[in-house]
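Engineer: I'd like to ask some things about the structure below.
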Amino acid sequence: MVPSSETPARGAAATLPVKPAGQGDYDEDFNLKPKFATPLARNEREMVMDVRTQDMEMNMGPQHPSTHGVLRLLLRVDGEIVTGAVPYIGYIHRCAEKIGESVEWIQYLPYTDRYDYLAAMNNNLGYSMAVEKLLGIEIPERAMYIRTICAELNRIGSHLIAFGTYGLDLGAFTPFFYSFREREWILSLFEKICGARLTYSYIRIGGVFNDSPPGWLEEVAAFCNDFEEKWKEYNDLLSENSIFVSRTANVGVISVEDALAFGLTGPCLRGSGIAYDLRKAQPYELYNKFEFDIPVGSGRKGTVGDCWDRYDVRMQEMRESVKIVRQCLAGIQEGPTLAKLSAALRVPAGHAYVGIENPRGELGHFVISGGDKKAIRLRVRGPSFCNLSILPKALPGTMLADAVAVIGSIDIVLGEVDR
Amino acid sequence: MISLHVMESIGGQARRAAPGTNWTIDLIEWARKCSLSKWLANAAGYEEAPVPPDWIVAAVGAGIAVGLVLAFISVVAMFSIWLERRVAGRIQSRIGPNRVGPFGLLQSLADGVKLLLKEDIIPSGADRSLFILAPALVMASALGMFAALPMAAGAGFTDLNLGIIFIIAVSSLATIGVIMAGWSSNNKWALYGAMREAAQVVSYEIPLGLSLLVPAVVAGSMNLREITESQSSWSGACWLIFQNPICLPAFVLYFVAALAETKRAPFDLPESESELVAGFHVEYSGIRFSFFFLEEYGAMFIMSALGVALFLGGWNFPGIDVLHGGWLVATQLLVFVIKSLCMILLMIWVRWTLPRLRVDQVMVMSYKYLTPIGLGLVVASAGWEVLVAGGLPFNDRPFWMQAATPALVVFVCLLLGWMLRKQSVDSAAAPFAARSSAPGAIQT
């Protein structure tokens, strides 16, 4: 083969494209360019009081106990007051969506466990429903009941973590252990039904992997009874604590307009006073059969849309989930739990979007099938990713300790932000 | 302090306040008289061993005292750490350390060994000398505070007339060490911790000092031993909080301010792990870190002990006066330590129950509420002493007044307990129907 002038000869040193100085993150002198749109401003006090002050930039994360994972926030601070914030993400990016294009439909299920590892059942459900929509198959009723029970129990478990870690963010350690005590029971219930405690892959395309073991539903009922009592304890300990209220009420207020403009969903949106819940707005599975309320932020302790409201919405949702689980237990009948599907699943060509109500908001799966064993495209709309986008808007003006409170009240899971 | 005191004693100016105070001199006298000294003196051609110069006596006394304090503070701190972890375990429905030694009592020792063996890291950008000096200064302040504590009648290290002032002054030294640590670490989080510590401790020294003035006014002395002794009547139950009704709120004020002084939750802003990672000691590791840790628990013990000595009768306890001699001193010491540990228990309980305040709320609490309250309490206690009690010492007051004051205190405590009784908060009581249609709610 004769090397042409266009293609460099094999072995010849390929010249890598080098960015000219001044482009990218560095300026001509190879100093890091400022990350904020406006450069660090000298304070007016410099002129008035002859004191020279300057805002400081500091990195919060990726190794920081209160960023809930490997989120890095570049904060600009004036003493204790945050004047700017830029979130940096991608520290646990695992190409989940791209992997979805190279593995078979069924094989992708375990990857969904790993975006929001606190609500893996919900993730399984979202993906399965998207594929089922393309397949156009009927799901057995008992499977739908078990799916709903698992999804709601997982929602309680996820909100328990949100509750516990929120206390931890604000310096209250004990609620964290209480919440883990109850979450432990939920995890052991999941272990009994599917053998896994964190990444379940239990809800499958066409139903659930296997039927619930004998006695499992009775134990779920026992959990519901026990949990309602424990839930009151949480409120005594944290929700109504005056220090907790003073740390969260009127802090990090997200207005209705901002919440809509930034595409917030889930408790963050409902905390701002909008009763939007996909389980009511676009009822899927069996949710239109059940009686339950959508808690919204009421501004009971401060302003509508403050941290306390978002926290309170989660607390109330746990109670609503218990209600739904109780109704499932009352309505569940014997029957098959998995629709008959071929092992090498071929999905009819087309595209489908299914959004479900994850504990953190709308988890959407968009799949395009070419009629083959694999997806052509698979994209995920992650609630944490969208909710996170409010931080640059919500943080400026708060204090450093409030920044922690706001991040905690958004309740992000970085596994799902980065995927 | 010990050295000053010993030098005074040798000069013959200091009175022997209590038996055992001048044990250093007794020890040196004994050493002079012992046969080995005599033999050495004879060998050197002297009649008997020469009286050592003052500075040697002072140095020996100081060395012994520092050794004793170090041993005591280490044991107390280790026990407090164990107590904290076990109590926290109880509160959090888990077990806590229970593997090393009986009930896990030696866990702190094992941790200490681990910390000793760990690599001592000094960050490359740190200010080396300040970084090394800071934990030593912090530790020195904790040791120094012990000097003025009246642990039992005659068993204190020294007998200062301004004991209260001395303890407050020496406790402030720790702040300088913390600021040095935060500044020299070359870490912004550490700097935040140091700045918060400076602001907080300076602010809370005012209410703390004011709350300490109340017992000083009531007892008519700044000498911790004298204040403790003034609480010894009624066979040891005549504690200051029973002598004057103003002392009870002063004690509460003292407790709150002491929490802030010792950087305990809900005032643990300088080392709040959820905001500042670890605050001022974020860059410290190994044994240098453990100095900060020991100081925290040492300071907790001293603040508790000061509260015990000033408000809760110190070493006095009903029925303790049937004992005599060494048994009395040992029991007094035990009573004092147990009372202090009870206060530490209260601090631990508070820590594992409450969330943390924000920095501006901490400042507001000090300047807007605690300081005016403290000023009011000082005036009120003086007014009570002069106008109601007629300036008489407590034992000379009419019997009805001696009986009425504790009755009032007990009544107020019961009233407060009734008012603050557990009221289970059931947020679910607010119906959702009403809350979903709250103004501003957009229904979809």
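Residues in the structure tokens are named by chain (A, B, ... in the order shown) and by number from 1 within that chain; ligands are numbered from 1 in the order shown.
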Can you pull out the residues contacting Glu295 in chain B? Cut-off 9 Å, using only C-alpha atoms, and skip same-chain residues under 3 positions away; I want them as a PyMOL selection string.
Structural biologist: chain B and resi 73+77+135+138-143+174+290-292+298-300
Engineer: When the cut-off is 8 Å and we count only C-alpha atoms, which residues of chain A are near chain B, given as a ChimeraX atom specification?
Structural biologist: /A:58,64-66,167-175,177-178,232,235-237,240-241,243-244,247,273-276,281,293-298,316,400-402,404
Engineer: Run DSSP on the backbone and give me the residues of range 107-212 of chain A it puts in alpha helix (DSSP H), as a VMD selection string.
Structural biologist: chain A and resid 109 to 113 120 to 135 141 to 169 174 to 194
Engineer: Mind pulling up the distance from CA of Val308 in chain B to CA of Val217 in chain B?
Structural biologist: 16.5 Å
Engineer: In Å, with one decimal, what is the gap from CA of Phe336 in chain B to CA of Ala305 in chain B?
Structural biologist: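 If I compute the distance from CA of Phe336 in chain B to CA of Ala305 in chain B, I get 7.4 Å.
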Engineer: Name the residues in contact with range 109-117 of chain B at a cut-off of 9 Å, using only C-alpha atoms, excluding same-chain residues fewer than 4 positions from it; report them as a list in words.
Structural biologist: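 Returned residues: Met78, Val100, Leu105, Ser285, Gly286, Ile287, Arg288, Phe289 and Ser290 of chain B.
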Engineer: So that I can see what lies close to Tyr108 in chain A, please list as JSON, numbers by chain the residues with an atom at most 12 Å from it, counting only C-alpha atoms and leaving out residues fewer than 6 positions away in the same chain.
Structural biologist: {"A": [96, 97, 98, 99, 100, 101, 102, 114, 115, 123, 124, 127, 128, 131, 201, 204, 205, 367, 373, 374, 375, 378]}
Engineer: Output N, CA and C atoms of each residue in that selection to a file, as a PDB file, in the first residue's frame.
Structural biologist:
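The resulting file, result-v2.pdb, is reproduced below:
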```pdb
ATOM      1  N   ALA A  96     -23.337   4.256  31.058  1.00  0.00           N
ATOM      2  CA  ALA A  96     -24.439   3.301  31.133  1.00  0.00           C
ATOM      3  C   ALA A  96     -25.294   3.353  29.874  1.00  0.00           C
ATOM      4  N   GLU A  97     -25.566   4.556  29.374  1.00  0.00           N
ATOM      5  CA  GLU A  97     -26.455   4.673  28.222  1.00  0.00           C
ATOM      6  C   GLU A  97     -25.814   4.061  26.979  1.00  0.00           C
ATOM      7  N   LYS A  98     -24.516   4.239  26.823  1.00  0.00           N
ATOM      8  CA  LYS A  98     -23.819   3.676  25.660  1.00  0.00           C
ATOM      9  C   LYS A  98     -23.773   2.150  25.759  1.00  0.00           C
ATOM     10  N   ILE A  99     -23.578   1.665  26.999  1.00  0.00           N
ATOM     11  CA  ILE A  99     -23.568   0.214  27.191  1.00  0.00           C
ATOM     12  C   ILE A  99     -24.908  -0.366  26.738  1.00  0.00           C
ATOM     13  N   GLY A 100     -25.989   0.414  26.960  1.00  0.00           N
ATOM     14  CA  GLY A 100     -27.309  -0.056  26.579  1.00  0.00           C
ATOM     15  C   GLY A 100     -27.423  -0.360  25.098  1.00  0.00           C
ATOM     16  N   GLU A 101     -26.545   0.222  24.288  1.00  0.00           N
ATOM     17  CA  GLU A 101     -26.602  -0.032  22.844  1.00  0.00           C
ATOM     18  C   GLU A 101     -25.802  -1.277  22.463  1.00  0.00           C
ATOM     19  N   SER A 102     -25.041  -1.831  23.381  1.00  0.00           N
ATOM     20  CA  SER A 102     -24.194  -2.961  23.002  1.00  0.00           C
ATOM     21  C   SER A 102     -24.519  -4.244  23.759  1.00  0.00           C
ATOM     22  N   ARG A 114     -27.732   0.337  38.860  1.00  0.00           N
ATOM     23  CA  ARG A 114     -26.555   1.064  39.314  1.00  0.00           C
ATOM     24  C   ARG A 114     -26.623   2.551  39.066  1.00  0.00           C
ATOM     25  N   TYR A 115     -27.736   3.062  38.461  1.00  0.00           N
ATOM     26  CA  TYR A 115     -27.722   4.516  38.436  1.00  0.00           C
ATOM     27  C   TYR A 115     -28.127   5.080  39.783  1.00  0.00           C
ATOM     28  N   ASN A 123     -35.780   1.851  39.278  1.00  0.00           N
ATOM     29  CA  ASN A 123     -35.046   1.918  38.014  1.00  0.00           C
ATOM     30  C   ASN A 123     -35.387   0.713  37.136  1.00  0.00           C
ATOM     31  N   ASN A 124     -35.393  -0.472  37.766  1.00  0.00           N
ATOM     32  CA  ASN A 124     -35.771  -1.685  37.025  1.00  0.00           C
ATOM     33  C   ASN A 124     -37.146  -1.498  36.397  1.00  0.00           C
ATOM     34  N   TYR A 127     -37.173   0.940  33.306  1.00  0.00           N
ATOM     35  CA  TYR A 127     -36.606   0.353  32.087  1.00  0.00           C
ATOM     36  C   TYR A 127     -37.526  -0.746  31.548  1.00  0.00           C
ATOM     37  N   SER A 128     -38.007  -1.597  32.446  1.00  0.00           N
ATOM     38  CA  SER A 128     -38.864  -2.697  32.007  1.00  0.00           C
ATOM     39  C   SER A 128     -40.108  -2.154  31.323  1.00  0.00           C
ATOM     40  N   VAL A 131     -39.425  -1.016  27.752  1.00  0.00           N
ATOM     41  CA  VAL A 131     -39.300  -2.115  26.788  1.00  0.00           C
ATOM     42  C   VAL A 131     -40.650  -2.788  26.577  1.00  0.00           C
ATOM     43  N   SER A 201     -32.274  -6.155  40.337  1.00  0.00           N
ATOM     44  CA  SER A 201     -32.625  -6.739  39.024  1.00  0.00           C
ATOM     45  C   SER A 201     -33.797  -7.691  39.170  1.00  0.00           C
ATOM     46  N   ARG A 204     -38.462  -7.481  36.116  1.00  0.00           N
ATOM     47  CA  ARG A 204     -37.933  -7.828  34.799  1.00  0.00           C
ATOM     48  C   ARG A 204     -38.880  -7.359  33.711  1.00  0.00           C
ATOM     49  N   ILE A 205     -38.405  -7.435  32.481  1.00  0.00           N
ATOM     50  CA  ILE A 205     -39.281  -7.188  31.344  1.00  0.00           C
ATOM     51  C   ILE A 205     -40.323  -8.300  31.335  1.00  0.00           C
ATOM     52  N   VAL A 367     -36.162   4.579  24.580  1.00  0.00           N
ATOM     53  CA  VAL A 367     -35.479   3.504  23.863  1.00  0.00           C
ATOM     54  C   VAL A 367     -35.900   3.519  22.396  1.00  0.00           C
ATOM     55  N   LYS A 373     -31.936  -7.572  18.713  1.00  0.00           N
ATOM     56  CA  LYS A 373     -31.749  -8.023  20.085  1.00  0.00           C
ATOM     57  C   LYS A 373     -31.191  -6.932  20.983  1.00  0.00           C
ATOM     58  N   LYS A 374     -30.774  -5.826  20.360  1.00  0.00           N
ATOM     59  CA  LYS A 374     -30.205  -4.730  21.139  1.00  0.00           C
ATOM     60  C   LYS A 374     -30.927  -3.442  20.787  1.00  0.00           C
ATOM     61  N   ALA A 375     -30.789  -2.481  21.680  1.00  0.00           N
ATOM     62  CA  ALA A 375     -31.364  -1.175  21.397  1.00  0.00           C
ATOM     63  C   ALA A 375     -30.459  -0.432  20.418  1.00  0.00           C
ATOM     64  N   LEU A 378     -30.455   4.239  23.637  1.00  0.00           N
ATOM     65  CA  LEU A 378     -31.097   4.158  24.939  1.00  0.00           C
ATOM     66  C   LEU A 378     -30.665   5.393  25.712  1.00  0.00           C
TER      67      LEU A 378
END
```
Engineer: Got a sec: who's within 12 Å of Asp277 in chain A, counting only C-alpha atoms, leaving out chain neighbours fewer than 6 positions off, as a VMD selection string?
Structural biologist: (chain A and resid 264 to 271 283 to 284 287 292 to 296 313 317 355 to 363) or (chain B and resid 442 to 444)
Engineer: Compile the contact shell of Ile132 in chain B as a list in words: residues with an atom at most 12 Å away, counting only C-alpha atoms, same-chain residues fewer than 2 positions apart removed.
Structural biologist: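 Contacts, with the query itself left out: Asp120, Ile121, Ile122, Pro123, Ala126, Asp127, Arg128, Ser129, Leu130, Ala134, Pro135, Ala136, Leu137, Val138, Met139, Gly177, Val178, Met180, Ala181, Gly182, Ser184, Ser185, Glu283, Tyr284, Ser285, Ile287, Arg288, Phe289 and Phe291 of chain B.
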Engineer: So the first atom is CA of Met347 in chain B and the second is CA of Ile167 in chain B; what is the distance between them in Å, to one decimal place?
Structural biologist: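 CA of Ile167 in chain B lies 19.6 Å from CA of Met347 in chain B.
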Engineer: May I have the residues within 8 Å of range 246-262 of chain B as a PyMOL selection string, using only C-alpha atoms and disregarding those fewer than 5 positions away in the same chain?
Structural biologist: chain B and resi 200-201+204-205+207-208+211-212+214-215+240-241+267-268+296+299-300+303+307+311+347+370+374+377+380-381+409
Engineer: Those same residues, written as a short mmCIF file (atom, residue, chain, number, x, y, z; two decimals), in the first residue's frame with C-alpha atoms?
Structural biologist:
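The file below, selection33.cif, is the result:
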```cif
data_model
loop_
_atom_site.label_atom_id
_atom_site.label_comp_id
_atom_site.auth_asym_id
_atom_site.auth_seq_id
_atom_site.Cartn_x
_atom_site.Cartn_y
_atom_site.Cartn_z
CA GLN B 200 -17.25 31.53 68.95
CA VAL B 201 -14.94 31.29 71.92
CA TYR B 204 -19.07 32.80 74.60
CA GLU B 205 -16.46 33.79 77.13
CA PRO B 207 -21.77 34.78 79.10
CA LEU B 208 -19.50 32.13 80.59
CA SER B 211 -22.50 33.03 84.75
CA LEU B 212 -19.41 32.31 86.86
CA VAL B 214 -23.07 34.57 90.11
CA PRO B 215 -21.59 31.90 92.41
CA LEU B 240 -25.03 26.81 95.64
CA ILE B 241 -28.01 26.15 93.38
CA PHE B 267 -22.04 24.42 68.97
CA ASP B 268 -19.43 22.23 67.28
CA GLU B 296 -11.46 18.31 73.78
CA ALA B 299 -11.70 20.60 78.44
CA MET B 300 -15.06 18.89 78.75
CA MET B 303 -15.77 22.69 82.31
CA GLY B 307 -19.65 23.69 87.12
CA PHE B 311 -22.92 25.13 91.52
CA MET B 347 -23.11 16.92 77.35
CA LEU B 370 -27.09 34.85 76.70
CA GLY B 374 -26.02 36.82 82.19
CA LEU B 377 -28.47 37.27 86.56
CA ALA B 380 -30.32 39.79 90.34
CA SER B 381 -28.09 37.54 92.41
CA VAL B 409 -35.70 25.77 93.14
#
```
Engineer: Rank A:Leu395, A:Ile376, A:Met315, A:Ala403 by their smallest atom-to-atom distance to Gly164 in chain A, using only C-alpha atoms, and report the top residue only.
Structural biologist: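 Of the candidates, the smallest distance to Gly164 in chain A is held by A:Met315.
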Engineer: Just checking: using only C-alpha atoms, which residue out of B:Cys238, B:Ile25, B:Leu106, B:Ala169 ends up closest to Asn395 in chain B?
Structural biologist: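 Of B:Cys238, B:Ile25, B:Leu106, B:Ala169, the one nearest Asn395 in chain B is B:Cys238, counting only C-alpha atoms.
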